[in-house]
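S.K.: Below: one structure in structure tokens.
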Amino acid sequence: MKTFRKIILLSITIAFCLVLTSGVCNAATRTVGTEQDLREAINDSVSGDVIELSNDIALTSPIEITGKSITIIGNGHTITRIDTNWTPNGSNGSLITVGGDGAKLTLVNMTLTGAQKYGAQSYNGAHLVLDSVNISGNGFGGVLVNAGTLEIKNVVLGKNGNPSNNGIEIAKGSGVTGDNMPILIMNGRLSSSEKENVIYLAENDNLITFEVRNTNSTTNKVFVKGKKVVITDENNNVIFESNENDKVTVTGSEYVETPAPVEPKPETPPTEDPKPEDKSDTTPKTGVENHLCLAFSLLLTAIFGVIFLRKID
């Protein structure tokens with residue numbers, strides 16, 4: 001009977017461990033070094049998979065990811081395009097696009113440059129996470145938030161767009177259907193070598209609403225300020241401002257300027273009290289003091305008088 005119980009308990013323990021680790025065991029990691037290998041890895045991947053780059057990769061057409069949640073780790077490598085052999089997918093000329101509700105792409109430790117249009121795009125309800133990603137030298141802009149969600153963990157922007165800079169463009173293209181709207185989440189740091197249009201609100205009739213959010217641990221934050229969106233540093237100072245767009249309703253926390261510290265008033269040095277007069281010699285004696293002196297003198301006289309009289313007797 002005891003042996004049977006031990007077997008049952010062991011079986012339950014093994015089953016519990018298998019269920020607990022099933023998510024981890026199902027995730028796969030694949031290392032790629034060419035465009036073809038990268039495309040095959042993305043096509044074969046399932047949600048939770050990780051793809052790592054072993055080389056820089058030059059693309060001949062956009063990469064588009066839908067219906068899954070995957071991570072691509074760049075290991076410091078660059079994704080760019082082959083300018084002389086580039087075929088856009090219709091109007092999509094971005095290097096990497098994640099699209100559709102439920103789709104999520106996390107890009108880690110890489111550089112996106114040389115795109116015909118945008119380095120990366122979040123399209124129609126998809127979620128794009130950028131962590132330690134450098135984005136510069138892209139034709140239209142750095143990142144297109146096209147009715148999708150962009151989550152910034154660590155992004156460094158250079159010059160993107162021609163001729164004007166266009167860092168992160170907030171938009172809703174004519175091809176987007178449904179109620180999805182662009183969302184920007186600050187969850188870390190955003191820096192830029194350019195100051196103009198680091199955040200750009202697209203000026204078209206499709207973009208009506210836009211939402212901004214901040215995580216509890218983020219260093220830089222995004223706020224609504226009048227008709228603009230602003231990014232602040234850790235001291236709540238505005239470091240980037242978007243353009244104004246009267247047609248767009250932006251929801252999120254309003255920017256509240258930190259009050260300037262009130263300088264303390266200089267303390268007035270205390271005035272010195274006049275030195276008290278030395279009254280040891282000048283204070284006149286009162287009548288009581290004079291009577292005490294007289295009584296003391298009479299007492300001493302009486303004592304010595306008695307001693308003297310006893311000696312005489």
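In the structure tokens, chains take the letters A, B, ... in the order shown, each chain's residues start at 1, and ligands count up from 1 in the order shown.
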Check the DSSP output for the backbone and give back, as a PyMOL selection string, the residues of segment 72-290 of chain A in alpha helix (DSSP H).
M.R.: chain A and resi 287-290
S.K.: Identify, with DSSP run on backbone atoms, the residues in segment 27-106 of chain A assigned to strand (DSSP E), and express the list as a ChimeraX atom specification.
M.R.: /A:29-32,50-53,57-59,63-66,69-73,78-81,96-99,104-106
S.K.: Determine the nearest neighbour of Lys117 of chain A from the options A:Ala147, A:Thr80, A:Leu105, A:Lys153, counting only C-alpha atoms.
M.R.: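 Among A:Ala147, A:Thr80, A:Leu105, A:Lys153, it is A:Thr80 that comes nearest to Lys117 of chain A.
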S.K.: With only C-alpha atoms as the atoms that count, which of A:Ser136, A:Asn235, A:Ser174, A:Ser193 lies nearest to Asn124 of chain A?
M.R.: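 Among the listed residues, the smallest separation from Asn124 of chain A belongs to A:Ser174.
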S.K.: If you measure from atom CA of Gln121 of chain A to atom CA of Asp246 of chain A, what distance in Å do you get, rounded to one decimal?
M.R.: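 For atom CA of Gln121 of chain A relative to atom CA of Asp246 of chain A, the distance reads 24.3 Å.
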S.K.: Just give me the gap between atom CA of His77 of chain A and atom CA of Gly142 of chain A in Å, one decimal is fine.
M.R.: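 Interatomic distance here is 17.2 Å.
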S.K.: Using only C-alpha atoms, which of A:Leu112, A:Leu207, A:Leu190, A:Ala28 sits nearest Glu234 of chain A?
M.R.: A:Leu190
S.K.: Pick out the closest residue to Tyr123 of chain A from this set: A:Ser91, A:Thr111, A:Thr71, A:Asn180. Count only C-alpha atoms.
M.R.: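 Among the listed residues, the smallest separation from Tyr123 of chain A belongs to A:Asn180.
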S.K.: Just want the 10 Å neighbourhood of Val256 of chain A, counted on only C-alpha atoms, with same-chain residues fewer than 3 positions away dropped. Output as a PyMOL selection string.
M.R.: chain A and resi 223-225+236+253+259
S.K.: Excluding Gly99 of chain A and its own-chain neighbours fewer than 2 positions away, which residues fall within 7 Å of it when counting only C-alpha atoms? Please give them as a PyMOL selection string.
M.R.: chain A and resi 65-66+97+103+122-126
S.K.: Restrict the selected residues to C-alpha atoms and save them as an mmCIF file, in the first residue's frame.
M.R.:
```cif
data_model
loop_
_atom_site.group_PDB
_atom_site.id
_atom_site.type_symbol
_atom_site.label_atom_id
_atom_site.label_comp_id
_atom_site.auth_asym_id
_atom_site.auth_seq_id
_atom_site.Cartn_x
_atom_site.Cartn_y
_atom_site.Cartn_z
ATOM 1 C CA ILE A 65 5.164 39.033 -39.524
ATOM 2 C CA THR A 66 1.557 38.214 -38.641
ATOM 3 C CA THR A 97 6.529 45.049 -40.307
ATOM 4 C CA ALA A 103 0.822 39.740 -33.366
ATOM 5 C CA SER A 122 3.589 48.322 -36.257
ATOM 6 C CA TYR A 123 0.437 47.825 -38.287
ATOM 7 C CA ASN A 124 -3.257 47.573 -37.430
ATOM 8 C CA GLY A 125 -3.335 46.295 -33.858
ATOM 9 C CA ALA A 126 0.085 44.618 -33.720
#
```
S.K.: Using only C-alpha atoms, which protein or nucleic acid residues come within 10 Å of segment 39-47 of chain A? Drop anything in the same chain fewer than 3 positions from it, and give the result as a ChimeraX atom specification.
M.R.: /A:26-32,34-36,50-52,59,63-72,103-105
S.K.: At what distance in Å, to one decimal, does atom CA of Leu53 of chain A lie from atom CA of Ile199 of chain A?
M.R.: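 Separating atom CA of Ile199 of chain A from atom CA of Leu53 of chain A is a distance of 29.1 Å.
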S.K.: Can you work out which one of A:Thr232, A:Asn206, A:Asn138, A:Asn166 has the shortest atom-to-atom distance to Gly178 of chain A, counting only C-alpha atoms?
M.R.: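 So, comparing all the options, the nearest one is A:Asn206.
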S.K.: Would you kindly return, as a list in words, each protein, DNA or RNA residue with an atom no farther than 12 Å from any atom of Asn204 of chain A, considering only C-alpha atoms and excluding same-chain residues fewer than 2 positions away?
M.R.: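 Those residues are Ile170, Ala171, Lys172, Gly173, Ser174, Tyr200, Leu201, Ala202, Asn206, Leu207, Ile208, Thr209, Asn245, Asp246, Lys247 and Val248 of chain A.
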S.K.: I want to know what sits within 8 Å of Gly137 of chain A, based on only C-alpha atoms, with residues of the same chain fewer than 4 positions away left out; could you give that as JSON, numbers by chain?
M.R.: {"A": [113, 114, 115, 142, 158, 159, 160, 161]}
S.K.: Generate a file of the selected residues that holds C-alpha atoms, formatted as a JSON list (two decimals), in the first residue's frame.
M.R.:
```
[["chain", "number", "residue", "atom", "x", "y", "z"],
["A", 113, "THR", "CA", 19.08, 51.50, -41.52],
["A", 114, "GLY", "CA", 18.76, 52.16, -45.23],
["A", 115, "ALA", "CA", 15.04, 51.43, -45.60],
["A", 142, "GLY", "CA", 12.51, 55.74, -38.25],
["A", 158, "GLY", "CA", 19.56, 59.32, -35.74],
["A", 159, "LYS", "CA", 18.49, 61.32, -38.78],
["A", 160, "ASN", "CA", 15.57, 59.66, -40.57],
["A", 161, "GLY", "CA", 13.45, 61.08, -43.38]]
```
